[in-house]
file model_37.cif (mmCIF, C-alpha atoms)
data_coords
#
loop_
_atom_site.group_PDB
_atom_site.id
_atom_site.type_symbol
_atom_site.label_atom_id
_atom_site.label_comp_id
_atom_site.auth_asym_id
_atom_site.auth_seq_id
_atom_site.Cartn_x
_atom_site.Cartn_y
_atom_site.Cartn_z
ATOM 1 C CA MET A 1 43.420 35.754 -11.928
ATOM 2 C CA THR A 2 40.062 36.947 -13.250
ATOM 3 C CA GLU A 3 40.810 35.585 -16.708
ATOM 4 C CA SER A 4 41.638 32.158 -15.260
ATOM 5 C CA LEU A 5 38.355 32.072 -13.342
ATOM 6 C CA VAL A 6 36.410 32.965 -16.462
ATOM 7 C CA ALA A 7 38.270 30.308 -18.428
ATOM 8 C CA ALA A 8 37.500 27.735 -15.732
ATOM 9 C CA ARG A 9 33.813 28.591 -15.709
ATOM 10 C CA GLU A 10 33.374 28.450 -19.481
ATOM 11 C CA PRO A 11 33.354 24.597 -19.714
ATOM 12 C CA VAL A 12 30.738 24.420 -16.937
ATOM 13 C CA ALA A 13 28.566 27.050 -18.578
ATOM 14 C CA GLY A 14 28.959 25.302 -21.912
ATOM 15 C CA ALA A 15 27.905 21.998 -20.410
ATOM 16 C CA ARG A 16 24.837 23.624 -18.893
ATOM 17 C CA ARG A 17 23.880 25.206 -22.200
ATOM 18 C CA ARG A 18 24.310 21.902 -23.991
ATOM 19 C CA ALA A 19 22.175 20.137 -21.360
ATOM 20 C CA GLY A 20 19.477 22.760 -21.763
ATOM 21 C CA LEU A 21 19.588 22.442 -25.529
ATOM 22 C CA GLY A 22 19.521 18.656 -25.217
ATOM 23 C CA ALA A 23 16.419 18.746 -23.008
ATOM 24 C CA GLY A 24 14.709 21.208 -25.342
ATOM 25 C CA ARG A 25 15.590 19.101 -28.372
ATOM 26 C CA HIS A 26 14.254 16.010 -26.641
ATOM 27 C CA VAL A 27 10.928 17.697 -25.852
ATOM 28 C CA SER A 28 10.580 19.078 -29.377
ATOM 29 C CA ARG A 29 11.377 15.693 -30.878
ATOM 30 C CA TYR A 30 8.987 13.685 -28.695
ATOM 31 C CA TRP A 31 6.328 16.356 -28.137
ATOM 32 C CA GLN A 32 3.522 13.892 -28.878
ATOM 33 C CA LEU A 33 4.578 11.680 -25.967
ATOM 34 C CA TRP A 34 4.934 14.674 -23.650
ATOM 35 C CA LEU A 35 1.479 15.833 -24.723
ATOM 36 C CA MET A 36 0.034 12.407 -23.885
ATOM 37 C CA VAL A 37 1.600 12.381 -20.422
ATOM 38 C CA LEU A 38 0.616 15.981 -19.670
ATOM 39 C CA PRO A 39 -2.923 15.132 -18.352
ATOM 40 C CA ALA A 40 -1.461 12.580 -15.937
ATOM 41 C CA VAL A 41 1.139 15.078 -14.714
ATOM 42 C CA GLY A 42 -1.565 17.712 -14.297
ATOM 43 C CA PHE A 43 -3.803 15.286 -12.431
ATOM 44 C CA ILE A 44 -1.031 14.339 -9.993
ATOM 45 C CA ALA A 45 -0.009 17.958 -9.509
ATOM 46 C CA LEU A 46 -3.588 19.098 -8.886
ATOM 47 C CA PHE A 47 -4.729 16.329 -6.563
ATOM 48 C CA MET A 48 -1.444 15.276 -4.933
ATOM 49 C CA TYR A 49 0.778 18.352 -4.612
ATOM 50 C CA VAL A 50 -1.633 21.297 -4.444
ATOM 51 C CA PRO A 51 -3.475 19.845 -1.388
ATOM 52 C CA MET A 52 -0.123 19.681 0.422
ATOM 53 C CA TYR A 53 -0.649 23.409 1.036
ATOM 54 C CA GLY A 54 -3.036 22.338 3.795
ATOM 55 C CA ILE A 55 -0.221 20.643 5.736
ATOM 56 C CA GLN A 56 0.335 23.976 7.480
ATOM 57 C CA LEU A 57 -2.886 23.361 9.409
ATOM 58 C CA ALA A 58 -0.924 20.896 11.531
ATOM 59 C CA PHE A 59 1.122 23.835 12.836
ATOM 60 C CA ARG A 60 -1.699 26.368 13.259
ATOM 61 C CA GLU A 61 -4.770 26.800 15.417
ATOM 62 C CA PHE A 62 -7.255 26.637 12.590
ATOM 63 C CA ASP A 63 -9.804 29.433 12.480
ATOM 64 C CA PHE A 64 -12.772 29.182 10.112
ATOM 65 C CA THR A 65 -13.008 32.950 9.761
ATOM 66 C CA ALA A 66 -9.333 33.327 8.783
ATOM 67 C CA GLY A 67 -9.393 30.921 5.845
ATOM 68 C CA LEU A 68 -7.185 27.936 5.081
ATOM 69 C CA ALA A 69 -3.961 29.740 5.937
ATOM 70 C CA GLY A 70 -5.425 31.550 8.935
ATOM 71 C CA GLY A 71 -5.040 30.962 12.619
ATOM 72 C CA LYS A 72 -2.276 31.515 15.107
ATOM 73 C CA TRP A 73 0.985 29.629 14.732
ATOM 74 C CA ALA A 74 0.979 26.711 17.181
ATOM 75 C CA GLY A 75 4.230 24.989 16.275
ATOM 76 C CA LEU A 76 4.382 21.369 17.408
ATOM 77 C CA LYS A 77 1.505 21.748 19.858
ATOM 78 C CA TYR A 78 -0.803 19.227 18.193
ATOM 79 C CA PHE A 79 1.967 16.688 17.643
ATOM 80 C CA GLN A 80 2.805 16.857 21.334
ATOM 81 C CA GLN A 81 -0.886 16.545 22.144
ATOM 82 C CA PHE A 82 -1.079 13.355 20.111
ATOM 83 C CA PHE A 83 2.102 11.918 21.631
ATOM 84 C CA ASP A 84 0.810 12.630 25.142
ATOM 85 C CA SER A 85 -2.643 11.206 24.406
ATOM 86 C CA PRO A 86 -3.487 7.906 26.131
ATOM 87 C CA LEU A 87 -4.695 6.662 22.744
ATOM 88 C CA PHE A 88 -1.310 7.140 21.069
ATOM 89 C CA TRP A 89 0.169 3.715 21.777
ATOM 90 C CA PRO A 90 -3.085 1.737 21.326
ATOM 91 C CA LEU A 91 -3.664 3.440 17.961
ATOM 92 C CA LEU A 92 -0.081 2.821 16.876
ATOM 93 C CA ARG A 93 -0.221 -0.810 18.033
ATOM 94 C CA ASN A 94 -3.524 -1.542 16.307
ATOM 95 C CA THR A 95 -2.379 0.113 13.083
ATOM 96 C CA PHE A 96 0.920 -1.763 13.061
ATOM 97 C CA VAL A 97 -0.669 -5.134 13.873
ATOM 98 C CA ILE A 98 -3.296 -4.878 11.134
ATOM 99 C CA SER A 99 -0.921 -3.356 8.564
ATOM 100 C CA ILE A 100 2.045 -5.658 9.139
ATOM 101 C CA THR A 101 -0.124 -8.784 9.249
ATOM 102 C CA THR A 102 -1.889 -7.775 6.039
ATOM 103 C CA LEU A 103 1.450 -6.879 4.454
ATOM 104 C CA VAL A 104 3.126 -10.198 5.275
ATOM 105 C CA VAL A 105 0.214 -12.469 4.387
ATOM 106 C CA GLY A 106 -0.887 -10.321 1.453
ATOM 107 C CA PHE A 107 2.643 -10.283 0.058
ATOM 108 C CA ILE A 108 3.275 -14.027 0.273
ATOM 109 C CA ALA A 109 -0.148 -15.253 -0.884
ATOM 110 C CA PRO A 110 -0.047 -13.753 -4.435
ATOM 111 C CA ILE A 111 3.428 -15.186 -4.983
ATOM 112 C CA MET A 112 2.303 -18.670 -3.997
ATOM 113 C CA LEU A 113 -0.850 -18.353 -6.085
ATOM 114 C CA ALA A 114 1.131 -17.223 -9.136
ATOM 115 C CA LEU A 115 3.567 -20.114 -8.751
ATOM 116 C CA MET A 116 0.686 -22.596 -8.504
ATOM 117 C CA ILE A 117 -1.192 -21.163 -11.496
ATOM 118 C CA ASN A 118 2.007 -21.199 -13.517
ATOM 119 C CA GLN A 119 2.261 -24.955 -12.938
ATOM 120 C CA ILE A 120 -1.232 -25.678 -14.269
ATOM 121 C CA ALA A 121 -1.097 -27.475 -17.600
ATOM 122 C CA GLY A 122 -3.664 -26.582 -20.219
ATOM 123 C CA GLY A 123 -4.653 -23.101 -21.337
ATOM 124 C CA ARG A 124 -8.349 -23.363 -20.462
ATOM 125 C CA ARG A 125 -7.804 -24.551 -16.918
ATOM 126 C CA LYS A 126 -5.185 -21.876 -16.313
ATOM 127 C CA LYS A 127 -7.466 -19.132 -17.657
ATOM 128 C CA PHE A 128 -10.368 -20.393 -15.564
ATOM 129 C CA MET A 129 -8.234 -20.367 -12.423
ATOM 130 C CA GLN A 130 -6.951 -16.876 -13.185
ATOM 131 C CA THR A 131 -10.461 -15.533 -13.784
ATOM 132 C CA ALA A 132 -11.852 -17.185 -10.651
ATOM 133 C CA THR A 133 -9.148 -15.623 -8.489
ATOM 134 C CA TYR A 134 -9.341 -12.179 -10.147
ATOM 135 C CA LEU A 135 -13.105 -11.705 -9.729
ATOM 136 C CA PRO A 136 -13.237 -10.927 -5.966
ATOM 137 C CA HIS A 137 -11.054 -7.862 -6.569
ATOM 138 C CA PHE A 138 -13.949 -6.159 -8.372
ATOM 139 C CA ILE A 139 -16.382 -6.650 -5.485
ATOM 140 C CA SER A 140 -17.087 -3.475 -3.540
ATOM 141 C CA ILE A 141 -15.695 -3.243 0.000
ATOM 142 C CA VAL A 142 -19.216 -2.510 1.215
ATOM 143 C CA VAL A 143 -20.389 -5.780 -0.350
ATOM 144 C CA ILE A 144 -17.424 -7.652 1.152
ATOM 145 C CA VAL A 145 -18.281 -6.410 4.647
ATOM 146 C CA GLY A 146 -21.930 -7.228 4.008
ATOM 147 C CA MET A 147 -20.906 -10.767 3.092
ATOM 148 C CA LEU A 148 -18.862 -11.014 6.290
ATOM 149 C CA GLN A 149 -21.847 -9.920 8.331
ATOM 150 C CA ALA A 150 -24.082 -12.395 6.510
ATOM 151 C CA PHE A 151 -21.675 -15.279 7.144
ATOM 152 C CA LEU A 152 -20.480 -14.302 10.631
ATOM 153 C CA ASN A 153 -23.596 -12.813 12.188
ATOM 154 C CA PRO A 154 -23.773 -14.239 15.744
ATOM 155 C CA SER A 155 -27.434 -15.199 15.396
ATOM 156 C CA THR A 156 -28.176 -15.820 11.704
ATOM 157 C CA GLY A 157 -24.745 -16.184 10.091
ATOM 158 C CA LEU A 158 -24.098 -19.234 7.925
ATOM 159 C CA LEU A 159 -20.709 -19.992 9.464
ATOM 160 C CA THR A 160 -22.144 -19.352 12.924
ATOM 161 C CA GLN A 161 -24.766 -22.010 12.232
ATOM 162 C CA VAL A 162 -21.996 -24.416 11.215
ATOM 163 C CA PHE A 163 -20.060 -23.653 14.397
ATOM 164 C CA SER A 164 -23.145 -24.250 16.528
ATOM 165 C CA PHE A 165 -23.695 -27.592 14.768
ATOM 166 C CA PHE A 166 -20.295 -28.685 16.059
ATOM 167 C CA GLY A 167 -21.053 -27.448 19.557
ATOM 168 C CA LEU A 168 -19.363 -24.029 19.336
ATOM 169 C CA ASP A 169 -22.151 -21.787 20.539
ATOM 170 C CA ASP A 170 -22.040 -18.029 21.126
ATOM 171 C CA VAL A 171 -19.356 -17.470 18.511
ATOM 172 C CA ASN A 172 -19.163 -13.808 17.492
ATOM 173 C CA LEU A 173 -16.178 -13.375 15.193
ATOM 174 C CA LEU A 174 -17.167 -9.816 14.306
ATOM 175 C CA GLY A 175 -17.201 -8.756 17.951
ATOM 176 C CA ASP A 176 -14.342 -10.849 19.293
ATOM 177 C CA THR A 177 -11.195 -8.751 19.742
ATOM 178 C CA SER A 178 -8.971 -11.755 19.108
ATOM 179 C CA ALA A 179 -10.759 -12.609 15.836
ATOM 180 C CA PHE A 180 -10.959 -9.149 14.244
ATOM 181 C CA VAL A 181 -7.462 -9.141 12.729
ATOM 182 C CA PRO A 182 -7.670 -12.704 11.287
ATOM 183 C CA VAL A 183 -11.092 -11.973 9.781
ATOM 184 C CA TYR A 184 -9.838 -8.703 8.299
ATOM 185 C CA VAL A 185 -6.643 -10.215 6.880
ATOM 186 C CA ILE A 186 -8.199 -13.400 5.497
ATOM 187 C CA SER A 187 -11.004 -11.507 3.757
ATOM 188 C CA ASP A 188 -8.540 -8.943 2.390
ATOM 189 C CA VAL A 189 -6.236 -11.633 0.999
ATOM 190 C CA TRP A 190 -9.170 -13.489 -0.514
ATOM 191 C CA GLN A 191 -10.326 -10.316 -2.252
ATOM 192 C CA HIS A 192 -6.982 -9.088 -3.641
ATOM 193 C CA CYS A 193 -4.756 -12.158 -3.866
ATOM 194 C CA GLY A 194 -5.700 -13.051 -7.449
ATOM 195 C CA TRP A 195 -5.387 -9.495 -8.700
ATOM 196 C CA ASN A 196 -1.991 -8.984 -7.054
ATOM 197 C CA SER A 197 -0.702 -12.191 -8.629
ATOM 198 C CA ILE A 198 -1.076 -10.782 -12.158
ATOM 199 C CA ILE A 199 2.280 -9.045 -12.165
ATOM 200 C CA TYR A 200 4.037 -12.180 -10.909
ATOM 201 C CA LEU A 201 2.399 -14.253 -13.642
ATOM 202 C CA ALA A 202 3.608 -11.684 -16.161
ATOM 203 C CA ALA A 203 7.140 -12.018 -14.799
ATOM 204 C CA LEU A 204 6.928 -15.820 -14.935
ATOM 205 C CA SER A 205 5.774 -15.694 -18.554
ATOM 206 C CA ARG A 206 9.119 -14.137 -19.509
ATOM 207 C CA VAL A 207 11.166 -17.049 -18.187
ATOM 208 C CA ASP A 208 13.152 -18.744 -20.928
ATOM 209 C CA PRO A 209 11.679 -22.249 -21.564
ATOM 210 C CA GLN A 210 15.206 -23.536 -22.070
ATOM 211 C CA LEU A 211 15.835 -23.048 -18.361
ATOM 212 C CA TYR A 212 13.027 -25.509 -17.579
ATOM 213 C CA GLU A 213 14.315 -27.978 -20.137
ATOM 214 C CA ALA A 214 17.873 -27.772 -18.792
ATOM 215 C CA ALA A 215 16.655 -28.240 -15.213
ATOM 216 C CA LYS A 216 14.561 -31.260 -16.208
ATOM 217 C CA VAL A 217 17.560 -32.788 -17.964
ATOM 218 C CA ASP A 218 19.477 -32.386 -14.694
ATOM 219 C CA GLY A 219 16.730 -34.319 -12.917
ATOM 220 C CA ALA A 220 14.852 -31.459 -11.238
ATOM 221 C CA ASN A 221 11.329 -32.218 -10.063
ATOM 222 C CA ARG A 222 8.456 -29.726 -9.995
ATOM 223 C CA LEU A 223 9.316 -28.243 -6.582
ATOM 224 C CA GLN A 224 12.934 -27.843 -7.596
ATOM 225 C CA LEU A 225 11.844 -26.080 -10.791
ATOM 226 C CA ILE A 226 9.851 -23.625 -8.703
ATOM 227 C CA ARG A 227 12.709 -23.092 -6.269
ATOM 228 C CA HIS A 228 15.590 -22.755 -8.724
ATOM 229 C CA VAL A 229 13.894 -21.306 -11.828
ATOM 230 C CA ASP A 230 10.579 -19.619 -11.010
ATOM 231 C CA VAL A 231 11.426 -17.913 -7.723
ATOM 232 C CA PRO A 232 14.738 -16.341 -8.883
ATOM 233 C CA SER A 233 12.997 -14.983 -11.970
ATOM 234 C CA ILE A 234 10.452 -13.002 -9.930
ATOM 235 C CA VAL A 235 12.801 -11.781 -7.182
ATOM 236 C CA PRO A 236 13.261 -8.308 -8.783
ATOM 237 C CA THR A 237 9.481 -7.923 -9.044
ATOM 238 C CA MET A 238 9.060 -9.050 -5.447
ATOM 239 C CA VAL A 239 11.614 -6.519 -4.208
ATOM 240 C CA ILE A 240 10.098 -3.565 -6.089
ATOM 241 C CA LEU A 241 6.550 -4.397 -4.982
ATOM 242 C CA LEU A 242 7.686 -4.850 -1.388
ATOM 243 C CA ILE A 243 9.323 -1.419 -1.399
ATOM 244 C CA LEU A 244 6.190 0.177 -2.829
ATOM 245 C CA THR A 245 4.052 -1.589 -0.253
ATOM 246 C CA MET A 246 6.273 -0.429 2.590
ATOM 247 C CA GLY A 247 5.561 3.148 1.529
ATOM 248 C CA GLY A 248 1.975 2.705 2.711
ATOM 249 C CA VAL A 249 2.524 0.319 5.595
ATOM 250 C CA LEU A 250 0.431 2.420 8.011
ATOM 251 C CA ASN A 251 -2.265 3.263 5.467
ATOM 252 C CA THR A 252 -4.666 0.665 6.777
ATOM 253 C CA GLY A 253 -7.749 0.402 4.589
ATOM 254 C CA PHE A 254 -10.021 2.975 6.206
ATOM 255 C CA GLU A 255 -13.260 1.927 4.536
ATOM 256 C CA LYS A 256 -13.103 -1.718 5.526
ATOM 257 C CA VAL A 257 -11.963 -1.090 9.095
ATOM 258 C CA TRP A 258 -14.637 1.566 9.507
ATOM 259 C CA LEU A 259 -17.387 -0.724 8.213
ATOM 260 C CA MET A 260 -16.237 -3.680 10.341
ATOM 261 C CA GLN A 261 -15.839 -1.570 13.459
ATOM 262 C CA ASN A 262 -18.302 -1.899 16.336
ATOM 263 C CA THR A 263 -18.325 -1.258 20.076
ATOM 264 C CA LEU A 264 -17.157 -4.798 20.873
ATOM 265 C CA ASN A 265 -14.051 -4.864 18.656
ATOM 266 C CA LEU A 266 -13.204 -1.166 19.085
ATOM 267 C CA PRO A 267 -10.155 -1.841 21.330
ATOM 268 C CA VAL A 268 -8.373 -3.555 18.400
ATOM 269 C CA SER A 269 -10.105 -1.928 15.395
ATOM 270 C CA GLU A 270 -9.472 1.721 16.221
ATOM 271 C CA VAL A 271 -6.586 2.693 13.937
ATOM 272 C CA ILE A 272 -5.018 6.016 12.987
ATOM 273 C CA ALA A 273 -7.186 6.417 9.877
ATOM 274 C CA THR A 274 -10.499 5.981 11.726
ATOM 275 C CA TYR A 275 -9.326 8.138 14.615
ATOM 276 C CA VAL A 276 -8.361 10.968 12.238
ATOM 277 C CA TYR A 277 -11.793 10.725 10.634
ATOM 278 C CA LYS A 278 -13.562 10.968 13.971
ATOM 279 C CA ILE A 279 -11.366 13.795 15.240
ATOM 280 C CA GLY A 280 -11.433 15.780 12.017
ATOM 281 C CA ILE A 281 -15.028 15.298 10.811
ATOM 282 C CA PHE A 282 -17.055 14.572 13.930
ATOM 283 C CA SER A 283 -15.137 16.759 16.394
ATOM 284 C CA THR A 284 -14.037 19.396 13.810
ATOM 285 C CA GLN A 285 -10.505 19.458 15.249
ATOM 286 C CA PHE A 286 -8.928 19.985 11.850
ATOM 287 C CA SER A 287 -5.477 21.032 13.034
ATOM 288 C CA TYR A 288 -5.197 18.068 15.387
ATOM 289 C CA ALA A 289 -6.382 15.651 12.683
ATOM 290 C CA THR A 290 -3.941 17.141 10.159
ATOM 291 C CA ALA A 291 -1.063 16.715 12.609
ATOM 292 C CA ILE A 292 -1.928 13.034 13.138
ATOM 293 C CA GLY A 293 -2.230 12.467 9.394
ATOM 294 C CA LEU A 294 1.119 14.170 8.770
ATOM 295 C CA PHE A 295 2.742 12.005 11.434
ATOM 296 C CA ASN A 296 1.345 8.923 9.702
ATOM 297 C CA THR A 297 2.702 10.101 6.338
ATOM 298 C CA VAL A 298 6.166 10.795 7.738
ATOM 299 C CA ILE A 299 6.341 7.295 9.245
ATOM 300 C CA ASN A 300 5.358 5.786 5.881
ATOM 301 C CA PHE A 301 8.032 7.855 4.155
ATOM 302 C CA VAL A 302 10.673 6.651 6.611
ATOM 303 C CA PHE A 303 9.642 3.030 5.988
ATOM 304 C CA LEU A 304 9.875 3.601 2.217
ATOM 305 C CA ILE A 305 13.387 5.068 2.424
ATOM 306 C CA ALA A 306 14.564 2.323 4.799
ATOM 307 C CA ALA A 307 13.083 -0.481 2.672
ATOM 308 C CA ASN A 308 14.662 0.929 -0.479
ATOM 309 C CA ALA A 309 18.086 1.250 1.198
ATOM 310 C CA ILE A 310 17.950 -2.275 2.610
ATOM 311 C CA ALA A 311 16.827 -3.744 -0.726
ATOM 312 C CA ARG A 312 19.599 -1.928 -2.591
ATOM 313 C CA ARG A 313 22.219 -3.239 -0.176
ATOM 314 C CA VAL A 314 20.917 -6.808 0.057
ATOM 315 C CA SER A 315 19.666 -7.563 -3.459
ATOM 316 C CA ASN A 316 21.012 -4.727 -5.638
ATOM 317 C CA TRP A 317 17.419 -3.996 -6.673
ATOM 318 C CA SER A 318 15.760 -0.740 -5.648
ATOM 319 C CA LEU A 319 13.593 2.124 -6.867
ATOM 320 C CA TRP A 320 16.525 4.539 -6.920
#
call {"tool": "encode", "arguments": {"input": "model_37.cif", "output": "structure tokens"}}
result
Amino acid sequence: MTESLVAAREPVAGARRRAGLGAGRHVSRYWQLWLMVLPAVGFIALFMYVPMYGIQLAFREFDFTAGLAGGKWAGLKYFQQFFDSPLFWPLLRNTFVISITTLVVGFIAPIMLALMINQIAGGRRKKFMQTATYLPHFISIVVIVGMLQAFLNPSTGLLTQVFSFFGLDDVNLLGDTSAFVPVYVISDVWQHCGWNSIIYLAALSRVDPQLYEAAKVDGANRLQLIRHVDVPSIVPTMVILLILTMGGVLNTGFEKVWLMQNTLNLPVSEVIATYVYKIGIFSTQFSYATAIGLFNTVINFVFLIAANAIARRVSNWSLW
């Protein structure tokens, strides 16, 4: 009986040894490539995985004198405190509204822009259009918000002056709760739409020209070329980018929301990111802020897994 067990285990052990030798041979053969990627791996490990040690603060009553790992074990106390807080649902609603709206509009706009640029005839005009749409991406968020305040200031703003010329007085788009989300989304799409369209233009550049010629022979017009040739060619790219975006669906841009936030639009501009900042930095409730941040991360992770599973089932394209 013992001999049979040993004989049965030998193929498994042999396979493991061969796998180990294969991995070692691969590393020794391509050591230059592994050496090149080592700084990136070290960077991610140092700044992404090592800080995860602080997640335990969400389950402890943090004590400055006891160090990072100090404090009494509190379990799910701070999670329950957040769930029972009267700000829980408003924060979740505001974060979802801003994030989902930005996701939908910001996902569709680069696709449409890439399809339009791809239809432009002439290399110079296409390059000019690409450059003009890329440039806003390199403008600082602080400058973007400053431009919004310069254009939408209720007393001296340029657009406010235009509105008053047409009889729309007392327009304060920066303080109006119903206008905060549109202003945020439109300015965000304007800033990043051109940059996000680069990858779609790269995918469109790989389309076989014979497909266009065959479609034209069949009598397809320009819209039909876009529908039946261009769009199917970028579907895999669309699916992968959508999955990646869903992984940060609740990671609303903190800097921009924080800079645009004021006492008038606070009911719709207070999101999880700004609330964590106020609770953690201003109120020094580090354990409570860590618990809220961990909750936000877990929700993003669930969205990522769900989006990947749905994409794999519907389109056969997924990250894993």
call {"tool": "residues_around", "arguments": {"input": "model_37.cif", "residues": "Ile305 of chain A", "least_positions_apart": "3", "cutoff": "10 Å", "atoms": "only C-alpha atoms", "output": "number ranges by chain"}}
result
A: 243, 246-247, 300-302, 308-311, 319-320
call {"tool": "write_last_selection", "arguments": {"input": "model_37.cif", "atoms": "C-alpha atoms", "output": "PDB file, in the coordinates of the input"}}
result
ATOM      1  CA  ILE A 243       9.323  -1.419  -1.399  1.00  0.00           C
ATOM      2  CA  MET A 246       6.273  -0.429   2.590  1.00  0.00           C
ATOM      3  CA  GLY A 247       5.561   3.148   1.529  1.00  0.00           C
ATOM      4  CA  ASN A 300       5.358   5.786   5.881  1.00  0.00           C
ATOM      5  CA  PHE A 301       8.032   7.855   4.155  1.00  0.00           C
ATOM      6  CA  VAL A 302      10.673   6.651   6.611  1.00  0.00           C
ATOM      7  CA  ASN A 308      14.662   0.929  -0.479  1.00  0.00           C
ATOM      8  CA  ALA A 309      18.086   1.250   1.198  1.00  0.00           C
ATOM      9  CA  ILE A 310      17.950  -2.275   2.610  1.00  0.00           C
ATOM     10  CA  ALA A 311      16.827  -3.744  -0.726  1.00  0.00           C
ATOM     11  CA  LEU A 319      13.593   2.124  -6.867  1.00  0.00           C
ATOM     12  CA  TRP A 320      16.525   4.539  -6.920  1.00  0.00           C
TER      13      TRP A 320
END
call {"tool": "atom_distance", "arguments": {"input": "model_37.cif", "atom1": "atom CA of Phe59 of chain A", "atom2": "atom CA of Tyr78 of chain A"}}
result
7.3 Å
call {"tool": "closest_atom_pairs", "arguments": {"input": "model_37.cif", "of": "segment 174-237 of chain A", "to": "segment 125-144 of chain A", "cutoff": "9 Å", "atoms": "only C-alpha atoms", "output": "Markdown table"}}
result
| residue | atom | partner | partner_atom | distance |
| --- | --- | --- | --- | --- |
| A:Ser187 | CA | A:Ile144 | CA | 7.9 |
| A:Trp190 | CA | A:Pro136 | CA | 7.3 |
| A:Gln191 | CA | A:Pro136 | CA | 4.8 |
| A:His192 | CA | A:His137 | CA | 5.2 |
| A:Cys193 | CA | A:Thr133 | CA | 7.3 |
| A:Gly194 | CA | A:Thr133 | CA | 4.4 |
| A:Trp195 | CA | A:Tyr134 | CA | 5.0 |
| A:Asn196 | CA | A:Tyr134 | CA | 8.6 |
| A:Ser197 | CA | A:Tyr134 | CA | 8.8 |
| A:Ile198 | CA | A:Gln130 | CA | 8.5 |
call {"tool": "closest_residue", "arguments": {"input": "model_37.cif", "among": "A:Val249, A:Val314, A:Leu57, A:Ile120", "to": "Ile100 of chain A", "atoms": "all atoms listed in the file"}}
result
A:Val249
call {"tool": "resolve_selection", "arguments": {"input": "model_37.cif", "expression": "the PyMOL selection byres ((chain A and resi 296) around 10)", "output": "PyMOL selection string"}}
result
chain A and resi 92+248-251+272-273+290-295+297-301
call {"tool": "closest_residue", "arguments": {"input": "model_37.cif", "among": "A:Ser205, A:Thr95, A:Gln224, A:Ser28", "to": "Asn118 of chain A", "atoms": "all atoms listed in the file"}}
result
A:Ser205
call {"tool": "resolve_selection", "arguments": {"input": "model_37.cif", "expression": "the PyMOL selection byres ((chain A and resi 182) around 12)", "output": "JSON, numbers by chain"}}
result
{"A": [97, 98, 99, 101, 102, 105, 173, 174, 176, 177, 178, 179, 180, 181, 183, 184, 185, 186, 187, 188, 189, 190, 268, 269]}
call {"tool": "write_last_selection", "arguments": {"input": "model_37.cif", "atoms": "C-alpha atoms", "output": "compact mmCIF listing (two decimals), in the frame of the given file"}}
result
# COMPACT_ATOMS: atom_id res chain seq x y z
CA VAL A 97 -0.67 -5.13 13.87
CA ILE A 98 -3.30 -4.88 11.13
CA SER A 99 -0.92 -3.36 8.56
CA THR A 101 -0.12 -8.78 9.25
CA THR A 102 -1.89 -7.78 6.04
CA VAL A 105 0.21 -12.47 4.39
CA LEU A 173 -16.18 -13.38 15.19
CA LEU A 174 -17.17 -9.82 14.31
CA ASP A 176 -14.34 -10.85 19.29
CA THR A 177 -11.20 -8.75 19.74
CA SER A 178 -8.97 -11.76 19.11
CA ALA A 179 -10.76 -12.61 15.84
CA PHE A 180 -10.96 -9.15 14.24
CA VAL A 181 -7.46 -9.14 12.73
CA VAL A 183 -11.09 -11.97 9.78
CA TYR A 184 -9.84 -8.70 8.30
CA VAL A 185 -6.64 -10.22 6.88
CA ILE A 186 -8.20 -13.40 5.50
CA SER A 187 -11.00 -11.51 3.76
CA ASP A 188 -8.54 -8.94 2.39
CA VAL A 189 -6.24 -11.63 1.00
CA TRP A 190 -9.17 -13.49 -0.51
CA VAL A 268 -8.37 -3.56 18.40
CA SER A 269 -10.10 -1.93 15.40
call {"tool": "closest_residue", "arguments": {"input": "model_37.cif", "among": "A:Ser287, A:Thr263, A:Thr156, A:Thr252", "to": "Leu103 of chain A", "atoms": "all atoms listed in the file"}}
result
A:Thr252
call {"tool": "closest_residue", "arguments": {"input": "model_37.cif", "among": "A:His228, A:His26, A:Met48, A:Trp73", "to": "Arg60 of chain A", "atoms": "all atoms listed in the file"}}
result
A:Trp73
call {"tool": "atom_distance", "arguments": {"input": "model_37.cif", "atom1": "atom CA of Gly123 of chain A", "atom2": "atom CA of Ile199 of chain A"}}
result
18.2 Å
call {"tool": "atom_distance", "arguments": {"input": "model_37.cif", "atom1": "atom CA of Gln56 of chain A", "atom2": "atom CA of Val271 of chain A"}}
result
23.3 Å
call {"tool": "residues_around", "arguments": {"input": "model_37.cif", "residues": "Arg206 of chain A", "least_positions_apart": "6", "cutoff": "12 Å", "atoms": "all atoms listed in the file", "output": "PyMOL selection string"}}
result
chain A and resi 118+199-200+229-230+233-234
call {"tool": "resolve_selection", "arguments": {"input": "model_37.cif", "expression": "the PyMOL selection byres ((chain A and resi 225) around 12)", "output": "PyMOL selection string"}}
result
chain A and resi 115-116+118-119+207+209+211-224+226-233
call {"tool": "residues_near_point", "arguments": {"input": "model_37.cif", "point": "(-3.9, 17.6, 20.7)", "cutoff": "9 Å", "atoms": "only C-alpha atoms", "output": "list in words"}}
result
Lys77, Tyr78, Phe79, Gln80, Gln81, Phe82, Phe83, Asp84, Ser85, Gln285, Ser287, Tyr288, Ala289 and Ala291 of chain A
